[in-house]
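J.: The file below is work11.txt, compact mmCIF, C-alpha atoms:
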# COMPACT_ATOMS: atom_id res chain seq x y z
CA MET R 1 102.47 83.04 32.29
CA ASN R 2 99.44 85.28 32.24
CA ARG R 3 98.20 86.65 35.49
CA THR R 4 94.82 88.11 36.20
CA PRO R 5 95.23 91.87 36.18
CA PRO R 6 94.12 93.77 39.20
CA PHE R 7 90.53 94.91 39.22
CA ARG R 8 89.89 98.01 37.20
CA CYS R 9 86.64 99.82 36.87
CA ARG R 10 85.00 100.23 33.51
CA CYS R 11 86.61 103.64 32.91
CA GLU R 12 90.11 102.32 33.47
CA ARG R 13 89.56 99.31 31.20
CA ARG R 14 88.32 101.56 28.42
CA ALA R 15 91.32 103.87 28.79
CA VAL R 16 93.79 100.99 28.63
CA ALA R 17 92.11 99.39 25.60
CA PHE R 18 92.06 102.56 23.45
CA GLY R 19 95.18 104.21 24.76
CA SER R 20 93.28 107.30 25.77
CA PRO R 21 94.26 109.22 28.88
CA ARG R 22 91.99 109.10 31.90
CA ASN R 23 89.91 112.17 32.34
CA GLY R 24 90.07 111.97 36.16
CA ARG R 25 86.38 111.22 36.44
CA CYS R 26 86.27 107.54 37.18
CA CYS R 27 82.86 106.05 37.79
CA ARG R 28 84.33 103.51 40.24
CA TRP R 29 81.14 101.42 40.00
CA PRO R 30 79.01 100.42 37.07
CA ARG R 31 75.96 102.57 36.58
CA ASN R 32 73.66 99.68 37.37
CA GLY R 33 75.64 98.74 40.52
CA PRO R 34 75.35 99.93 44.11
CA SER R 35 74.77 103.58 44.96
CA SER R 36 77.73 105.88 44.75
CA ARG R 37 76.91 107.34 48.22
CA ALA R 38 79.76 106.85 50.70
CA GLY R 39 77.41 105.51 53.46
CA GLY R 40 75.46 106.67 56.55
CA PHE R 41 71.89 107.92 57.04
CA THR R 42 70.22 111.06 55.98
CA LEU R 43 68.51 113.28 58.56
CA ILE R 44 65.08 112.14 57.43
CA GLU R 45 66.05 108.49 57.84
CA LEU R 46 67.37 109.16 61.34
CA ILE R 47 64.15 110.92 62.30
CA LEU R 48 62.12 107.99 60.98
CA VAL R 49 64.20 105.52 62.99
CA VAL R 50 63.77 107.60 66.16
CA LEU R 51 60.01 107.84 65.61
CA ILE R 52 59.69 104.08 65.10
CA LEU R 53 61.70 103.39 68.26
CA ALA R 54 59.59 105.86 70.25
CA LEU R 55 56.43 104.20 68.99
CA LEU R 56 57.68 100.75 69.98
CA ILE R 57 58.70 101.98 73.42
CA GLY R 58 55.32 103.64 73.86
CA LEU R 59 53.62 100.33 73.09
CA LEU R 60 55.92 98.12 75.16
CA VAL R 61 56.39 100.17 78.35
CA PRO R 62 52.71 100.13 79.45
CA ALA R 63 52.55 96.40 78.79
CA LEU R 64 55.73 95.80 80.79
CA LEU R 65 54.49 97.98 83.66
CA ALA R 66 51.16 96.13 83.69
CA ALA R 67 52.98 92.80 83.78
CA LEU R 68 55.23 94.00 86.62
CA ARG R 69 52.21 95.20 88.60
CA ALA R 70 50.51 91.87 88.11
CA VAL R 71 53.61 90.08 89.37
CA HIS R 72 53.74 92.37 92.42
CA THR R 73 50.07 91.71 93.18
CA LEU R 74 50.54 87.96 92.97
CA GLN R 75 53.66 88.08 95.16
CA CYS R 76 51.80 90.24 97.69
CA GLN R 77 48.94 87.76 97.80
CA ASN R 78 51.44 84.94 98.28
CA ASN R 79 52.92 86.86 101.23
CA LEU R 80 49.47 87.18 102.77
CA ARG R 81 48.85 83.49 102.19
CA GLN R 82 52.02 82.62 104.12
CA ILE R 83 51.10 85.02 106.92
CA GLY R 84 47.64 83.46 107.16
CA ALA R 85 49.12 79.97 107.32
CA ALA R 86 51.51 81.13 110.03
CA TYR R 87 48.63 82.60 112.03
CA SER R 88 46.69 79.32 111.79
CA GLY R 89 49.78 77.36 112.83
CA TYR R 90 50.32 79.58 115.85
CA LEU R 91 46.68 79.22 116.97
CA ALA R 92 46.88 75.45 116.58
CA ASP R 93 50.00 75.25 118.76
CA SER R 94 48.66 77.70 121.36
CA ARG R 95 45.20 76.06 121.42
CA GLY R 96 43.47 79.16 120.16
CA LEU R 97 45.26 81.67 122.40
CA TRP R 98 46.58 84.89 120.87
CA PRO R 99 49.18 86.93 122.81
CA PRO R 100 48.30 90.37 124.23
CA LEU R 101 48.86 93.30 121.92
CA ILE R 102 50.81 95.14 124.63
CA THR R 103 52.75 93.57 127.47
CA THR R 104 55.87 94.18 129.57
CA GLU R 105 57.03 90.65 128.79
CA VAL R 106 59.78 90.54 126.17
CA PRO R 107 59.89 87.34 124.06
CA THR R 108 63.68 87.16 124.14
CA ALA R 109 63.86 83.66 122.65
CA LEU R 110 61.94 84.82 119.58
CA PHE R 111 64.24 87.79 119.07
CA GLU R 112 67.22 85.46 119.29
CA GLN R 113 65.68 83.29 116.56
CA ILE R 114 65.14 86.34 114.37
CA GLN R 115 68.71 87.52 114.91
CA ALA R 116 70.06 84.07 114.07
CA GLY R 117 68.02 83.93 110.86
CA THR R 118 68.35 87.53 109.67
CA GLY R 119 71.11 89.29 111.60
CA LEU R 120 68.63 91.87 112.90
CA LYS R 121 69.20 92.82 116.53
CA MET R 122 66.61 93.73 119.12
CA ALA R 123 66.33 97.45 119.78
CA PRO R 124 67.44 98.65 123.22
CA ALA R 125 64.82 99.28 125.89
CA ARG R 126 62.97 102.56 125.75
CA PRO R 127 64.69 104.24 128.73
CA ALA R 128 68.10 103.79 127.09
CA ALA R 129 67.46 105.75 123.90
CA ASN R 130 63.72 106.35 123.55
CA TRP R 131 63.20 103.10 121.67
CA GLY R 132 59.97 101.19 121.53
CA GLN R 133 59.45 98.20 123.74
CA ALA R 134 60.12 94.86 122.08
CA GLY R 135 56.81 93.15 122.78
CA PRO R 136 54.95 90.23 121.17
CA HIS R 137 54.02 91.95 117.95
CA TRP R 138 52.38 89.69 115.38
CA SER R 139 55.45 89.77 113.13
CA ILE R 140 57.56 88.63 116.08
CA VAL R 141 55.39 85.76 117.35
CA LEU R 142 54.75 84.44 113.83
CA TRP R 143 58.42 84.41 112.86
CA PRO R 144 58.98 80.68 113.61
CA TYR R 145 56.11 79.90 111.22
CA ILE R 146 57.20 82.35 108.49
CA GLY R 147 60.99 82.21 108.65
CA ALA R 148 61.60 84.57 105.71
CA LEU R 149 62.11 88.31 106.10
CA ASP R 150 60.91 89.23 102.62
CA VAL R 151 57.41 87.91 103.40
CA TYR R 152 56.78 90.96 105.57
CA THR R 153 57.34 93.47 102.74
CA CYS R 154 55.06 93.91 99.73
CA PRO R 155 57.11 94.30 96.53
CA ALA R 156 54.88 97.24 95.56
CA ASP R 157 55.56 99.06 98.84
CA PRO R 158 57.16 102.43 97.92
CA LYS R 159 59.64 101.87 100.75
CA ALA R 160 60.63 98.37 99.67
CA GLY R 161 64.42 98.02 99.73
CA ARG R 162 64.90 100.56 102.52
CA ARG R 163 65.91 99.80 106.09
CA GLY R 164 65.55 101.23 109.57
CA LEU R 165 65.63 104.99 109.74
CA GLU R 166 64.92 105.33 106.01
CA VAL R 167 61.57 103.64 106.64
CA LEU R 168 60.63 105.11 110.00
CA GLY R 169 62.02 108.61 109.97
CA PRO R 170 63.29 110.26 113.17
CA ALA R 171 59.79 110.87 114.57
CA ARG R 172 58.88 107.16 114.60
CA LEU R 173 62.21 105.71 115.56
CA HIS R 174 60.99 105.06 119.11
CA GLY R 175 58.48 102.50 117.76
CA ALA R 176 61.11 100.15 116.37
CA ALA R 177 61.62 96.74 117.96
CA LEU R 178 64.39 95.58 115.59
CA LEU R 179 67.38 97.58 114.42
CA ASP R 180 67.73 98.29 110.70
CA ALA R 181 64.65 96.24 109.83
CA PRO R 182 62.86 96.39 106.43
CA PRO R 183 59.34 97.79 105.96
CA GLU R 184 56.34 95.95 107.32
CA SER R 185 53.70 96.34 104.61
CA TYR R 186 51.01 94.27 106.30
CA ALA R 187 48.91 95.05 109.34
CA LEU R 188 46.79 93.02 111.72
CA ASN R 189 43.16 94.04 112.15
CA ILE R 190 43.44 94.59 115.89
CA ILE R 191 39.69 95.26 116.21
CA LEU R 192 39.32 91.46 116.29
CA PHE R 193 41.49 91.30 119.41
CA ARG R 194 41.27 92.63 122.94
CA THR R 195 42.00 96.33 122.93
CA GLY R 196 40.85 99.57 124.59
CA ASP R 197 37.79 101.74 124.13
CA ASP R 198 39.94 104.63 122.94
CA VAL R 199 41.44 102.45 120.19
CA ARG R 200 38.01 101.37 118.93
CA ARG R 201 36.80 104.94 119.20
CA GLN R 202 39.72 106.14 117.09
CA ALA R 203 39.03 103.42 114.56
CA GLY R 204 35.40 104.46 114.24
CA CYS R 205 33.76 101.37 115.72
CA THR R 206 30.08 101.44 116.56
CA TRP R 207 30.57 99.16 119.59
CA GLY R 208 32.79 98.92 122.65
CA THR R 209 33.54 102.64 122.90
CA ARG R 210 31.70 103.61 126.11
CA GLY R 211 33.41 101.68 128.84
CA ASP R 212 31.87 98.34 127.91
CA ALA R 213 33.48 95.32 129.52
CA ASP R 214 33.19 93.26 126.33
CA PHE R 215 36.51 92.49 124.65
CA ASN R 216 38.55 95.14 126.49
CA GLY R 217 42.12 95.00 127.70
CA LEU R 218 45.24 95.46 125.57
CA GLY R 219 47.22 93.43 128.07
CA SER R 220 44.90 90.42 128.20
CA TYR R 221 44.82 87.36 125.97
CA THR R 222 42.30 86.81 123.19
CA THR R 223 41.02 83.33 122.51
CA LEU R 224 39.47 81.99 119.37
CA ASN R 225 36.34 81.21 121.39
CA ASP R 226 36.17 84.85 122.45
CA GLN R 227 36.29 85.92 118.83
CA ARG R 228 33.59 83.48 117.80
CA ARG R 229 31.37 84.75 120.61
CA MET R 230 32.05 88.40 119.86
CA PHE R 231 31.82 88.33 116.08
CA PRO R 232 28.90 86.35 114.62
CA ASN R 233 30.43 86.55 111.15
CA LEU R 234 34.02 85.90 112.24
CA GLN R 235 35.03 83.89 109.15
CA GLY R 236 33.94 86.74 106.89
CA LEU R 237 36.05 89.40 108.61
CA ILE R 238 39.40 90.85 107.53
CA LEU R 239 42.39 89.52 109.46
CA PHE R 240 45.41 91.06 107.68
CA PHE R 241 45.69 93.57 104.87
CA CYS R 242 48.38 95.15 102.72
CA GLY R 243 49.07 98.86 102.90
CA ALA R 244 50.51 99.71 106.31
CA SER R 245 53.17 102.30 105.60
CA GLY R 246 55.92 103.82 107.67
CA GLN R 247 56.78 101.01 110.12
CA THR R 248 59.43 98.31 110.20
CA VAL R 249 59.13 94.61 111.01
CA GLY R 250 58.31 94.13 114.69
CA SER R 251 57.16 97.69 115.34
CA GLN R 252 54.71 97.98 118.20
CA PHE R 253 52.66 100.77 116.65
CA ASN R 254 51.79 99.18 113.33
CA ILE R 255 48.11 100.07 113.76
CA ALA R 256 46.51 101.11 110.50
CA PHE R 257 42.76 101.43 110.89
CA ARG R 258 40.18 101.56 108.17
CA THR R 259 40.05 105.34 108.04
CA THR R 260 42.75 106.51 110.46
CA GLY R 261 45.39 105.08 112.74
CA SER R 262 48.84 105.36 114.27
CA VAL R 263 50.26 104.24 110.91
CA GLU R 264 49.10 105.39 107.51
CA ARG R 265 46.91 103.05 105.51
CA TRP R 266 47.87 103.21 101.83
CA GLU R 267 46.58 101.60 98.69
CA TRP R 268 49.26 100.91 96.09
CA HIS R 269 47.93 98.16 93.83
CA PRO R 270 48.32 98.55 90.91
CA ARG R 271 49.43 102.17 91.48
CA ARG R 272 49.85 104.23 94.61
CA ALA R 273 47.03 106.41 95.88
CA PRO R 274 47.73 110.18 96.00
CA ALA R 275 47.51 110.29 99.81
CA PRO R 276 47.02 107.98 102.81
CA PHE R 277 43.47 106.90 103.67
CA VAL R 278 42.35 107.99 100.20
CA ASP R 279 40.48 105.75 97.79
CA ALA R 280 41.24 106.57 94.18
CA PRO R 281 40.59 104.84 90.83
CA ASP R 282 43.07 102.10 89.94
CA CYS R 283 44.28 102.00 93.56
CA GLY R 284 43.51 99.14 95.92
CA SER R 285 44.79 96.61 98.43
CA ASN R 286 44.94 92.90 99.10
CA TYR R 287 42.97 91.54 102.06
CA LEU R 288 43.31 88.27 103.96
CA TYR R 289 40.09 87.09 105.62
CA MET R 290 39.67 84.88 108.66
CA ASP R 291 38.53 81.99 106.48
CA GLY R 292 41.83 82.08 104.55
CA ARG R 293 40.64 83.63 101.30
CA ILE R 294 42.58 86.52 99.80
CA GLU R 295 40.84 89.20 97.80
CA TYR R 296 41.90 92.34 95.99
CA HIS R 297 39.60 95.34 96.40
CA ASP R 298 39.94 98.67 94.66
CA GLU R 299 37.27 100.02 96.99
CA LEU R 300 37.64 100.11 100.77
CA PRO R 301 35.69 97.24 102.35
CA SER R 302 32.71 98.15 104.51
CA PRO R 303 32.94 98.61 108.30
CA ALA R 304 31.11 95.29 108.70
CA ALA R 305 33.93 93.48 106.84
CA TRP R 306 36.40 94.89 109.39
CA GLY R 307 34.26 94.14 112.43
CA TYR R 308 33.72 97.83 113.15
CA ASP R 309 29.97 97.47 112.82
CA LEU R 310 28.47 94.35 114.36
CA GLY R 311 24.84 95.32 114.42
CA PRO R 312 23.17 94.11 117.63
CA MET R 313 25.72 93.05 120.23
CA PRO R 314 25.92 89.31 120.88
CA GLY R 315 23.46 88.28 123.56
CA ARG R 316 21.58 91.57 123.35
CA PRO R 317 18.23 92.10 121.63
CA PRO R 318 18.00 94.48 118.68
CA PRO R 319 16.97 98.04 119.70
CA SER R 320 13.63 97.72 117.89
CA SER R 321 12.63 94.40 119.49
CA PRO R 322 10.05 94.24 122.32
CA ALA R 323 12.64 92.81 124.69
CA ALA R 324 14.77 95.93 124.32
CA ARG R 325 11.94 98.31 125.19
Could I get this file's structure written as structure tokens?

T.:
Amino acid sequence: MNRTPPFRCRCERRAVAFGSPRNGRCCRWPRNGPSSRAGGFTLIELILVVLILALLIGLLVPALLAALRAVHTLQCQNNLRQIGAAYSGYLADSRGLWPPLITTEVPTALFEQIQAGTGLKMAPARPAANWGQAGPHWSIVLWPYIGALDVYTCPADPKAGRRGLEVLGPARLHGAALLDAPPESYALNIILFRTGDDVRRQAGCTWGTRGDADFNGLGSYTTLNDQRRMFPNLQGLILFFCGASGQTVGSQFNIAFRTTGSVERWEWHPRRAPAPFVDAPDCGSNYLYMDGRIEYHDELPSPAAWGYDLGPMPGRPPPSSPAAR
């Protein structure tokens, strides 16, 4: 019974057929078959592959970064939208009454709610370890209406993901109201609320800086009617904005003014500015206005948009009018 002989290359078949000895130089493959190279890449081929990969990465990385920045901007605006809704809900329940910015009263029940929902504990009183007083900061009083800790932190915040001391640093630890809290990227425009002359003077306001009785008193309540009386264009003013750096959720000194402040005002959309209080190309912030709209600006809004410049004071004639002479 004939069996199929094992495969032999052309050289071996020729040697068997004619009885001639093999010369030791077997072709192994037919001349018109695959290449006789053992395999692998040449140096030139490797260089070409590396160059192609580098080109693809160079094209894809900017697009991916731009997409990530767009996602961060949208998430930041969604955070502001939730904060604005929480503010409106609080005013509706309090009948237009906003708590004082500074008070000796500690909202213990609110801190207990925050601890139950997040595990964050209230910082000890200042005399115990030089901690800040746990007062009715906006992020504290709005917690029942927000209920999610990640809403307080912008995803583009350079300190996102850090906690407590990593955010504050030793010099600002006394301002914390909650232990080991995440960054608070958003700030309340406190110029719209009762405050002191020195605060408005530091902010650069053109009104209420010379002992005026209008809208003074950090420890007194602000009503929505007060704001409507004080600010003729209330609905067009900034309420919250993104870019308050260096404070944690609940901190009592989260005061980032337009040009200066107790806390640095940064712009980090879509990329971070080179320094605080600096406006640079391709750097901006998201702003929540009193009427609920949210806008991105790569240029710092005017003093009038912040309420720093009101023009003639309500109920007072313009300086150039006959009644003022």

J.: Could you pull the residues within 9 Å of Ile146 (chain R), counting all atoms listed in the file, minus those fewer than 6 positions along the same chain, as a VMD selection string?

T.: chain R and resid 82 to 83 85 to 86 139

J.: Please, which residues in region 223-247 of chain R fall within 7 Å of region 189-196 of chain R when counting all atoms listed in the file, and what is the closest atom pair and distance in Å to one decimal for each, ordered by chain then residue number, as a tab-separated table?

T.:
residue	atom	partner	partner_atom	distance
R:Gln227	CA	R:Leu192	CA	6.8
R:Ile238	CA	R:Asn189	CA	6.8
R:Leu239	CA	R:Asn189	CA	5.3
R:Phe240	CA	R:Asn189	CA	5.8

J.: Quick one: of R:Gly246, R:Pro100, R:Pro301, R:Pro144, who's nearest to Thr223 (chain R), counting all atoms listed in the file?

T.: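 Closest to Thr223 (chain R), using all atoms listed in the file: R:Pro100.
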
J.: Do you have the CA of Thr209 (chain R)-CA of Tyr87 (chain R) distance handy?

T.: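 One can read the CA of Thr209 (chain R) to CA of Tyr87 (chain R) distance as 27.3 Å.
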
J.: Let me make sure I understand: among R:Leu300, R:Ala280, R:Pro274, R:Ser220, which one has the smallest atom-to-atom distance to Thr103 (chain R) if we use all atoms listed in the file?

T.: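 Between R:Leu300, R:Ala280, R:Pro274, R:Ser220, the residue approaching Thr103 (chain R) most closely is R:Ser220.
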
J.: From the set R:Ser251, R:Thr206, R:Ser185, R:Gln115, which residue has the shortest atom-to-atom contact distance to Trp266 (chain R), counting all atoms listed in the file?

T.: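 The closest residue to Trp266 (chain R) is R:Ser185.
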
J.: R:Asp180, R:Gly217, R:Arg162, R:Val249: which is nearest Pro136 (chain R), counting only C-alpha atoms?

T.: R:Val249

J.: Taking 6 positions as the minimum chain separation for residues in the same chain, which residues sit within 8 Å of Leu224 (chain R) when counting all atoms listed in the file? Answer as a VMD selection string.

T.: chain R and resid 96 to 98

J.: Take CA of Thr153 (chain R) and CA of Glu295 (chain R) and report the distance between them in Å, one decimal.

T.: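 CA of Thr153 (chain R) sits 17.7 Å away from CA of Glu295 (chain R).
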
J.: Will you model N, CA and C atoms for region 251-272 of chain R and pass it back as a compact mmCIF listing (two decimals), in the coordinates of the input?

T.:
# COMPACT_ATOMS: atom_id res chain seq x y z
N SER R 251 57.55 96.44 114.68
CA SER R 251 57.16 97.69 115.34
C SER R 251 55.88 97.53 116.13
N GLN R 252 55.85 98.14 117.30
CA GLN R 252 54.71 97.98 118.20
C GLN R 252 53.53 98.87 117.84
N PHE R 253 53.73 99.83 116.97
CA PHE R 253 52.66 100.77 116.65
C PHE R 253 52.20 100.64 115.21
N ASN R 254 52.28 99.43 114.68
CA ASN R 254 51.79 99.18 113.33
C ASN R 254 50.27 99.00 113.38
N ILE R 255 49.56 100.09 113.63
CA ILE R 255 48.11 100.07 113.76
C ILE R 255 47.53 100.96 112.68
N ALA R 256 47.10 100.36 111.61
CA ALA R 256 46.51 101.11 110.50
C ALA R 256 45.04 100.76 110.43
N PHE R 257 44.19 101.68 110.88
CA PHE R 257 42.76 101.43 110.89
C PHE R 257 42.17 101.64 109.50
N ARG R 258 40.88 101.42 109.44
CA ARG R 258 40.18 101.56 108.17
C ARG R 258 40.27 102.98 107.63
N THR R 259 40.07 103.95 108.49
CA THR R 259 40.05 105.34 108.04
C THR R 259 41.10 106.21 108.73
N THR R 260 41.72 105.75 109.78
CA THR R 260 42.75 106.51 110.46
C THR R 260 43.61 105.52 111.23
N GLY R 261 44.57 106.01 111.99
CA GLY R 261 45.39 105.08 112.74
C GLY R 261 46.75 105.64 113.08
N SER R 262 47.49 104.93 113.91
CA SER R 262 48.84 105.36 114.27
C SER R 262 49.78 105.27 113.08
N VAL R 263 49.47 104.40 112.13
CA VAL R 263 50.26 104.24 110.91
C VAL R 263 49.36 104.48 109.72
N GLU R 264 49.89 105.08 108.70
CA GLU R 264 49.10 105.39 107.51
C GLU R 264 48.65 104.12 106.79
N ARG R 265 47.42 104.14 106.33
CA ARG R 265 46.91 103.05 105.51
C ARG R 265 46.92 103.51 104.05
N TRP R 266 47.74 102.85 103.24
CA TRP R 266 47.87 103.21 101.83
C TRP R 266 47.27 102.13 100.94
N GLU R 267 46.93 102.53 99.77
CA GLU R 267 46.58 101.60 98.69
C GLU R 267 47.58 101.82 97.56
N TRP R 268 48.24 100.74 97.15
CA TRP R 268 49.26 100.91 96.09
C TRP R 268 49.22 99.82 95.04
N HIS R 269 48.11 99.12 94.92
CA HIS R 269 47.93 98.16 93.83
C HIS R 269 46.82 98.66 92.90
N PRO R 270 47.04 98.73 91.59
CA PRO R 270 48.32 98.55 90.91
C PRO R 270 49.19 99.80 90.95
N ARG R 271 48.60 100.97 91.31
CA ARG R 271 49.43 102.17 91.48
C ARG R 271 49.09 102.81 92.81
N ARG R 272 49.98 103.66 93.27
CA ARG R 272 49.85 104.23 94.61
C ARG R 272 48.81 105.34 94.63
